[in-house]
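A.B. asks: My structure file work_21.cif, mmCIF, C-alpha atoms, is below:
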data_model
#
loop_
_atom_site.group_PDB
_atom_site.id
_atom_site.type_symbol
_atom_site.label_atom_id
_atom_site.label_comp_id
_atom_site.auth_asym_id
_atom_site.auth_seq_id
_atom_site.Cartn_x
_atom_site.Cartn_y
_atom_site.Cartn_z
ATOM 1 C CA LEU A 2 -17.070 20.901 -37.631
ATOM 2 C CA PRO A 3 -14.663 18.217 -36.383
ATOM 3 C CA ALA A 4 -11.448 19.519 -34.830
ATOM 4 C CA PRO A 5 -8.303 19.023 -36.936
ATOM 5 C CA ASP A 6 -5.531 16.635 -35.928
ATOM 6 C CA VAL A 7 -7.468 14.849 -33.215
ATOM 7 C CA THR A 8 -5.364 12.120 -31.615
ATOM 8 C CA ALA A 9 -6.383 9.541 -29.075
ATOM 9 C CA GLY A 10 -5.379 10.214 -25.469
ATOM 10 C CA LEU A 11 -3.217 7.887 -23.416
ATOM 11 C CA ARG A 12 -3.611 6.530 -19.920
ATOM 12 C CA HIS A 13 -1.557 8.239 -17.215
ATOM 13 C CA PRO A 14 1.781 6.498 -16.465
ATOM 14 C CA LEU A 15 0.725 5.854 -12.838
ATOM 15 C CA THR A 16 -2.464 4.193 -14.048
ATOM 16 C CA ARG A 17 -0.518 2.061 -16.515
ATOM 17 C CA VAL A 18 1.948 0.882 -13.841
ATOM 18 C CA ARG A 19 -0.854 0.152 -11.354
ATOM 19 C CA ASP A 20 -2.786 -1.860 -13.924
ATOM 20 C CA GLU A 21 0.335 -3.782 -14.961
ATOM 21 C CA ILE A 22 1.166 -4.685 -11.346
ATOM 22 C CA CYS A 23 -2.407 -5.883 -10.808
ATOM 23 C CA ARG A 24 -2.215 -7.903 -14.031
ATOM 24 C CA ILE A 25 1.096 -9.548 -13.088
ATOM 25 C CA LEU A 26 -0.031 -10.499 -9.586
ATOM 26 C CA GLY A 27 -3.408 -11.539 -10.985
ATOM 27 C CA THR A 28 -1.579 -14.410 -12.682
ATOM 28 C CA LEU A 29 -0.718 -15.620 -9.144
ATOM 29 C CA GLY A 30 -4.343 -15.545 -8.056
ATOM 30 C CA PHE A 31 -4.534 -12.076 -6.498
ATOM 31 C CA THR A 32 -7.819 -10.181 -6.817
ATOM 32 C CA VAL A 33 -8.358 -6.429 -6.363
ATOM 33 C CA ARG A 34 -10.192 -4.976 -3.353
ATOM 34 C CA GLU A 35 -10.846 -1.268 -2.886
ATOM 35 C CA GLY A 36 -11.874 0.880 0.073
ATOM 36 C CA PRO A 37 -12.783 4.492 0.877
ATOM 37 C CA ALA A 38 -10.191 7.275 0.801
ATOM 38 C CA VAL A 39 -11.860 8.792 3.880
ATOM 39 C CA GLU A 40 -11.340 6.416 6.792
ATOM 40 C CA THR A 41 -11.806 6.169 10.532
ATOM 41 C CA GLU A 42 -9.002 5.847 13.048
ATOM 42 C CA TYR A 43 -10.065 2.253 13.731
ATOM 43 C CA TYR A 44 -9.443 0.991 10.192
ATOM 44 C CA CYS A 45 -6.401 3.192 9.555
ATOM 45 C CA PHE A 46 -4.626 2.783 12.901
ATOM 46 C CA ASP A 47 -6.256 0.841 15.768
ATOM 47 C CA ALA A 48 -6.858 -2.424 13.908
ATOM 48 C CA LEU A 49 -3.311 -2.239 12.531
ATOM 49 C CA CYS A 50 -1.703 -2.144 16.011
ATOM 50 C CA THR A 51 -0.819 1.560 15.747
ATOM 51 C CA PRO A 52 -1.217 3.022 19.274
ATOM 52 C CA ALA A 53 -2.649 6.440 20.079
ATOM 53 C CA ASP A 54 0.803 7.942 20.750
ATOM 54 C CA HIS A 55 2.299 6.785 17.427
ATOM 55 C CA PRO A 56 3.767 9.630 15.293
ATOM 56 C CA ALA A 57 1.613 8.630 12.288
ATOM 57 C CA ARG A 58 -1.465 9.718 14.253
ATOM 58 C CA ASP A 59 -0.114 13.212 14.845
ATOM 59 C CA ALA A 60 -2.004 16.020 13.129
ATOM 60 C CA GLN A 61 1.326 17.181 11.684
ATOM 61 C CA ASP A 62 1.594 13.902 9.735
ATOM 62 C CA THR A 63 -2.040 13.084 8.935
ATOM 63 C CA TYR A 64 -4.967 14.933 7.358
ATOM 64 C CA TYR A 65 -7.782 14.808 9.911
ATOM 65 C CA LEU A 66 -11.246 16.067 9.013
ATOM 66 C CA PRO A 67 -13.319 18.368 11.258
ATOM 67 C CA PRO A 68 -15.210 16.497 14.042
ATOM 68 C CA GLU A 69 -18.632 17.445 12.623
ATOM 69 C CA THR A 70 -17.849 15.805 9.248
ATOM 70 C CA ARG A 71 -20.113 12.890 8.303
ATOM 71 C CA PHE A 72 -19.809 10.284 5.558
ATOM 72 C CA GLY A 73 -22.601 7.872 4.682
ATOM 73 C CA ASN A 74 -20.459 4.855 3.780
ATOM 74 C CA VAL A 75 -17.933 5.088 6.644
ATOM 75 C CA SER A 76 -19.191 4.371 10.164
ATOM 76 C CA ARG A 77 -17.267 5.432 13.243
ATOM 77 C CA LYS A 78 -17.432 4.634 16.938
ATOM 78 C CA GLY A 79 -18.083 7.372 19.505
ATOM 79 C CA ASP A 80 -15.740 10.334 19.111
ATOM 80 C CA GLU A 81 -13.475 8.534 16.633
ATOM 81 C CA ARG A 82 -12.044 10.921 14.037
ATOM 82 C CA TYR A 83 -12.206 10.792 10.247
ATOM 83 C CA LEU A 84 -9.043 11.197 8.210
ATOM 84 C CA LEU A 85 -7.754 10.844 4.677
ATOM 85 C CA ARG A 86 -6.177 7.392 4.683
ATOM 86 C CA THR A 87 -2.420 7.321 5.118
ATOM 87 C CA HIS A 88 -2.078 3.891 3.445
ATOM 88 C CA THR A 89 -4.260 1.284 1.750
ATOM 89 C CA SER A 90 -3.675 -1.108 4.673
ATOM 90 C CA SER A 91 -7.146 -0.168 5.903
ATOM 91 C CA VAL A 92 -8.503 -2.263 3.011
ATOM 92 C CA GLN A 93 -6.823 -5.359 4.440
ATOM 93 C CA ILE A 94 -8.737 -4.837 7.709
ATOM 94 C CA ARG A 95 -12.039 -4.352 5.886
ATOM 95 C CA THR A 96 -11.373 -7.504 3.842
ATOM 96 C CA LEU A 97 -10.361 -9.607 6.862
ATOM 97 C CA LEU A 98 -13.582 -8.593 8.627
ATOM 98 C CA ALA A 99 -15.765 -9.340 5.599
ATOM 99 C CA GLU A 100 -14.202 -12.479 4.094
ATOM 100 C CA LYS A 101 -12.860 -15.756 5.398
ATOM 101 C CA PRO A 102 -9.345 -16.997 4.512
ATOM 102 C CA PRO A 103 -7.716 -18.154 2.366
ATOM 103 C CA LEU A 104 -7.229 -14.669 0.911
ATOM 104 C CA ARG A 105 -4.980 -13.307 -1.820
ATOM 105 C CA ILE A 106 -5.799 -9.643 -2.479
ATOM 106 C CA LEU A 107 -4.351 -6.389 -3.806
ATOM 107 C CA SER A 108 -5.551 -2.981 -2.639
ATOM 108 C CA PRO A 109 -4.406 -0.202 -4.978
ATOM 109 C CA GLY A 110 -5.353 3.377 -4.221
ATOM 110 C CA ARG A 111 -4.553 6.954 -3.408
ATOM 111 C CA CYS A 112 -3.069 7.853 -0.010
ATOM 112 C CA PHE A 113 -2.480 11.143 1.796
ATOM 113 C CA ARG A 114 0.177 12.324 4.256
ATOM 114 C CA ARG A 115 1.236 15.791 5.309
ATOM 115 C CA ASP A 116 4.656 15.561 3.654
ATOM 116 C CA ASN A 117 6.548 18.419 2.096
ATOM 117 C CA ALA A 118 6.976 17.719 -1.601
ATOM 118 C CA ASP A 119 10.473 16.700 -2.667
ATOM 119 C CA ALA A 120 12.082 14.029 -4.867
ATOM 120 C CA THR A 121 10.817 11.180 -2.644
ATOM 121 C CA HIS A 122 7.774 12.620 -0.834
ATOM 122 C CA SER A 123 4.345 13.906 -1.790
ATOM 123 C CA ALA A 124 1.203 14.759 0.154
ATOM 124 C CA ASN A 125 -0.752 12.633 -2.327
ATOM 125 C CA PHE A 126 0.682 9.352 -3.568
ATOM 126 C CA HIS A 127 -0.410 5.954 -4.873
ATOM 127 C CA GLN A 128 0.125 2.647 -3.133
ATOM 128 C CA ILE A 129 -0.588 -1.008 -3.873
ATOM 129 C CA GLU A 130 -0.748 -3.369 -0.937
ATOM 130 C CA GLY A 131 -0.828 -7.134 -1.176
ATOM 131 C CA LEU A 132 -2.211 -9.506 1.444
ATOM 132 C CA VAL A 133 -2.044 -13.295 1.557
ATOM 133 C CA VAL A 134 -3.635 -15.271 4.384
ATOM 134 C CA ASP A 135 -3.412 -19.046 4.119
ATOM 135 C CA ARG A 136 -1.839 -22.060 5.784
ATOM 136 C CA GLY A 137 1.869 -22.677 5.205
ATOM 137 C CA ILE A 138 2.739 -19.221 3.856
ATOM 138 C CA THR A 139 6.337 -18.225 4.697
ATOM 139 C CA VAL A 140 8.825 -15.414 4.084
ATOM 140 C CA CYS A 141 10.101 -17.539 1.167
ATOM 141 C CA ASP A 142 6.689 -17.163 -0.518
ATOM 142 C CA LEU A 143 6.818 -13.404 0.058
ATOM 143 C CA LYS A 144 10.312 -13.084 -1.432
ATOM 144 C CA ALA A 145 9.466 -15.310 -4.408
ATOM 145 C CA THR A 146 6.310 -13.271 -5.126
ATOM 146 C CA LEU A 147 8.248 -9.996 -5.097
ATOM 147 C CA ASP A 148 11.022 -11.453 -7.252
ATOM 148 C CA TYR A 149 8.400 -12.550 -9.782
ATOM 149 C CA LEU A 150 6.687 -9.147 -9.682
ATOM 150 C CA PHE A 151 9.811 -7.059 -10.252
ATOM 151 C CA GLN A 152 11.311 -9.362 -12.875
ATOM 152 C CA SER A 153 7.998 -9.289 -14.759
ATOM 153 C CA LEU A 154 7.672 -5.523 -14.400
ATOM 154 C CA LEU A 155 11.277 -4.407 -14.980
ATOM 155 C CA GLY A 156 12.902 -7.336 -16.791
ATOM 156 C CA PRO A 157 14.538 -10.674 -15.979
ATOM 157 C CA GLY A 158 17.793 -9.076 -14.750
ATOM 158 C CA THR A 159 16.071 -7.373 -11.814
ATOM 159 C CA LYS A 160 17.115 -8.421 -8.297
ATOM 160 C CA THR A 161 15.539 -7.740 -4.911
ATOM 161 C CA ARG A 162 16.868 -7.823 -1.378
ATOM 162 C CA PHE A 163 15.298 -7.602 2.092
ATOM 163 C CA ARG A 164 16.598 -5.418 4.944
ATOM 164 C CA PRO A 165 15.203 -5.825 8.481
ATOM 165 C CA HIS A 166 12.849 -3.004 9.465
ATOM 166 C CA TYR A 167 9.963 -2.260 11.842
ATOM 167 C CA PHE A 168 6.292 -1.915 10.946
ATOM 168 C CA GLY A 169 3.683 -2.160 13.688
ATOM 169 C CA TYR A 170 1.403 -4.533 11.791
ATOM 170 C CA THR A 171 3.938 -7.041 10.420
ATOM 171 C CA GLU A 172 6.391 -9.379 12.164
ATOM 172 C CA PRO A 173 8.994 -9.888 10.835
ATOM 173 C CA SER A 174 9.180 -6.715 8.749
ATOM 174 C CA PHE A 175 11.464 -5.725 5.876
ATOM 175 C CA GLU A 176 12.373 -2.876 3.574
ATOM 176 C CA VAL A 177 12.730 -4.034 -0.039
ATOM 177 C CA ASP A 178 15.416 -2.747 -2.419
ATOM 178 C CA PHE A 179 15.751 -3.554 -6.107
ATOM 179 C CA ALA A 180 18.598 -3.374 -8.592
ATOM 180 C CA ALA A 181 18.211 -3.500 -12.366
ATOM 181 C CA THR A 182 21.618 -3.225 -14.009
ATOM 182 C CA HIS A 183 20.070 -3.783 -17.446
ATOM 183 C CA LEU A 184 18.179 -0.477 -17.136
ATOM 184 C CA SER A 185 20.547 2.400 -17.890
ATOM 185 C CA LYS A 186 18.714 4.918 -15.684
ATOM 186 C CA VAL A 187 18.838 2.595 -12.685
ATOM 187 C CA GLY A 188 22.377 1.234 -12.974
ATOM 188 C CA LYS A 189 24.080 -0.844 -10.318
ATOM 189 C CA GLU A 190 22.675 0.975 -7.294
ATOM 190 C CA TRP A 191 20.138 -0.576 -4.934
ATOM 191 C CA ILE A 192 16.953 1.514 -4.737
ATOM 192 C CA GLU A 193 14.462 1.266 -1.876
ATOM 193 C CA ILE A 194 11.035 0.538 -3.326
ATOM 194 C CA MET A 195 8.689 -0.733 -0.604
ATOM 195 C CA GLY A 196 8.103 -2.258 2.791
ATOM 196 C CA CYS A 197 6.748 -5.722 3.492
ATOM 197 C CA GLY A 198 6.401 -8.422 6.120
ATOM 198 C CA MET A 199 4.351 -11.235 7.580
ATOM 199 C CA VAL A 200 1.022 -10.058 9.016
ATOM 200 C CA ASP A 201 1.274 -9.682 12.783
ATOM 201 C CA PRO A 202 -0.888 -12.260 14.646
ATOM 202 C CA LEU A 203 -2.492 -9.383 16.585
ATOM 203 C CA VAL A 204 -3.784 -7.938 13.305
ATOM 204 C CA LEU A 205 -5.175 -11.324 12.258
#
Take the structure in this file and express it as structure tokens.

C.D. replies:
Amino acid sequence: LPAPDVTAGLRHPLTRVRDEICRILGTLGFTVREGPAVETEYYCFDALCTPADHPARDAQDTYYLPPETRFGNVSRKGDERYLLRTHTSSVQIRTLLAEKPPLRILSPGRCFRRDNADATHSANFHQIEGLVVDRGITVCDLKATLDYLFQSLLGPGTKTRFRPHYFGYTEPSFEVDFAATHLSKVGKEWIEIMGCGMVDPLVL
């Protein structure tokens, strides 16, 4: 017999936010690219100008897989190690190697870091990375894109600001804060939301 009071399920809030971000940036010409959650050190670190002595490559920060592990769709060089990707930036490397610019892509996906769970950290989190490679692109384009994204996502009263920061694969690099005084749970405080920057020429 049919079960009583059957109601339709709903998509998970993280899925809904991811899809909405992809939809908003899709109106600016971004397309979605995906990559494997199990990566090699080359795609996750080397090609992104992250040297061997960088803290992100420490086993205390990153989930490395046993040396004998093999994956059919991920090739590695020599004794290169496999790991669970620490960011979706590896997708930008795969895309740059496979496609010619101009490019305008988004790479949403699950990431993994050996963080202790608290209000702002988790060993398993979701990330969406954007990449634009074209002639004449400036920091003004980056700021305008993020303003458009957050105003579309959170409402027209939302503001963003850049703070100088360091990331090994962008130059210049920024942390991005947002404020949305029209949202009662956010208030007047600036909240850090993401990092960004212009792709380092060494990565290109």

A.B. asks: Suppose you want the space between CA of Glu42 (chain A) and CA of Asp54 (chain A); what is it in Å?

C.D. replies: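 Distance between the two atoms: 12.6 Å.
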
A.B. asks: Taking the file as I've supplied it (selection: the PyMOL selection byres ((chain A and resi 136-144) around 10)), which residues are included? Please answer as a PyMOL selection string.

C.D. replies: chain A and resi 102-103+131-135+145-150+161-163+173-174+177+197-199

A.B. asks: Ranking A:Leu97, A:Leu66, A:Val187, A:Ala60 by minimum distance to Arg114 (chain A) and counting all atoms listed in the file, which one comes first?

C.D. replies: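 Of A:Leu97, A:Leu66, A:Val187, A:Ala60, the one nearest Arg114 (chain A) is A:Ala60, counting all atoms listed in the file.
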
A.B. asks: Translate the PyMOL selection byres ((chain A and resi 41) around 7) into a concrete residue list for this structure, as a list in words.

C.D. replies: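 Evaluating the PyMOL selection byres ((chain A and resi 41) around 7) on this file yields Glu40, Glu42, Tyr43, Tyr44, Cys45, Arg77, Glu81, Arg82, Tyr83 and Leu84 of chain A.
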
A.B. asks: I would like the residues chosen by the PyMOL selection byres ((chain A and resi 121-125) around 10) on the shown file; could you give them as a list of chain:residue names?

C.D. replies: A:Asp62, A:Thr63, A:Tyr64, A:Thr87, A:Arg111, A:Cys112, A:Phe113, A:Arg114, A:Arg115, A:Asp116, A:Asn117, A:Ala118, A:Asp119, A:Ala120, A:Phe126, A:His127

A.B. asks: Could you list, as a list of chain:residue names, every residue within 10 Å of Gly196 (chain A), counting only C-alpha atoms and ignoring same-chain residues fewer than 6 positions away?

C.D. replies: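 Contacts, in chain order: A:Glu130, A:Phe163, A:Arg164, A:Pro165, A:His166, A:Tyr167, A:Phe168, A:Thr171, A:Ser174, A:Phe175, A:Glu176, A:Val177, A:Asp178.
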
A.B. asks: Starting from the point (-0.1, -11.7, -9.2), work out which residues of protein, DNA or RNA have an atom no more than 10 Å away when counting all atoms listed in the file; state them as a VMD selection string.

C.D. replies: chain A and resid 21 to 32 105 to 107 131 146 to 147 149 to 150

A.B. asks: Would you mind telling me which residue in A:Leu104, A:Ala9, A:Val39, A:Ala99 lies nearest to Leu85 (chain A) when using only C-alpha atoms?

C.D. replies: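 Residue with the minimum atom-to-atom distance to Leu85 (chain A): A:Val39.
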
A.B. asks: For Pro56 (chain A), which residue out of A:Gly169, A:Pro157, A:Val204, A:Ser90 is the nearest one, using only C-alpha atoms?

C.D. replies: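 Smallest separation from Pro56 (chain A) among the options: A:Gly169.
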
A.B. asks: Between CA of Lys78 (chain A) and CA of Val92 (chain A), what distance in Å does the model show, to one decimal?

C.D. replies: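 Between these atoms lies a distance of 17.9 Å.
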
A.B. asks: Edge lengths and centre in Å to one decimal, as AutoDock Vina command-line options, of the axis-aligned box that encloses all listed atoms of region 98-105 of chain A with 4 Å added on every side?

C.D. replies:
--center_x -10.4 --center_y -13.4 --center_z 3.4 --size_x 18.8 --size_y 17.6 --size_z 18.4

A.B. asks: Select all residues near (-11.6, -0.3, -2.8) (cut-off 9 Å, inclusive, file coordinates), counting all atoms listed in the file, and output them as an MDAnalysis selection string.

C.D. replies: chainID A and resid 33:38 89 92 108:110

A.B. asks: Counting only C-alpha atoms, figure out which residue out of A:Gln152, A:Asp59, A:Gln128, A:Trp191 gets nearest to His88 (chain A).

C.D. replies: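 Going through A:Gln152, A:Asp59, A:Gln128, A:Trp191 one by one, the smallest distance to His88 (chain A) is for A:Gln128.
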
A.B. asks: Using CA of Thr159 (chain A) and CA of Arg19 (chain A) as the two end points, give the distance in Å to one decimal.

C.D. replies: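 Result for CA of Thr159 (chain A) versus CA of Arg19 (chain A): 18.5 Å, one decimal.
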
A.B. asks: Using all atoms listed in the file, can you tell me which of A:Val18, A:Ile94, A:Val7, A:Ile129 comes closest to Leu49 (chain A)?

C.D. replies: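 Nearest candidate to Leu49 (chain A) out of A:Val18, A:Ile94, A:Val7, A:Ile129: A:Ile94.
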
A.B. asks: Find the spatial neighbours of Gly156 (chain A), counting only C-alpha atoms, within a cut-off of 9 Å - ignore same-chain residues fewer than 3 positions away - and output them as a list in words.

C.D. replies: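 Those residues are Phe151, Gln152, Ser153, Thr159, Ala181, His183 and Leu184 of chain A.
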
A.B. asks: When you count all atoms listed in the file, which of these residues is closest to Gln93 (chain A): A:Pro5, A:Tyr170, A:Glu69, A:Pro52?

C.D. replies: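 Once distances to Gln93 (chain A) are computed over all atoms listed in the file, the minimum belongs to A:Tyr170.
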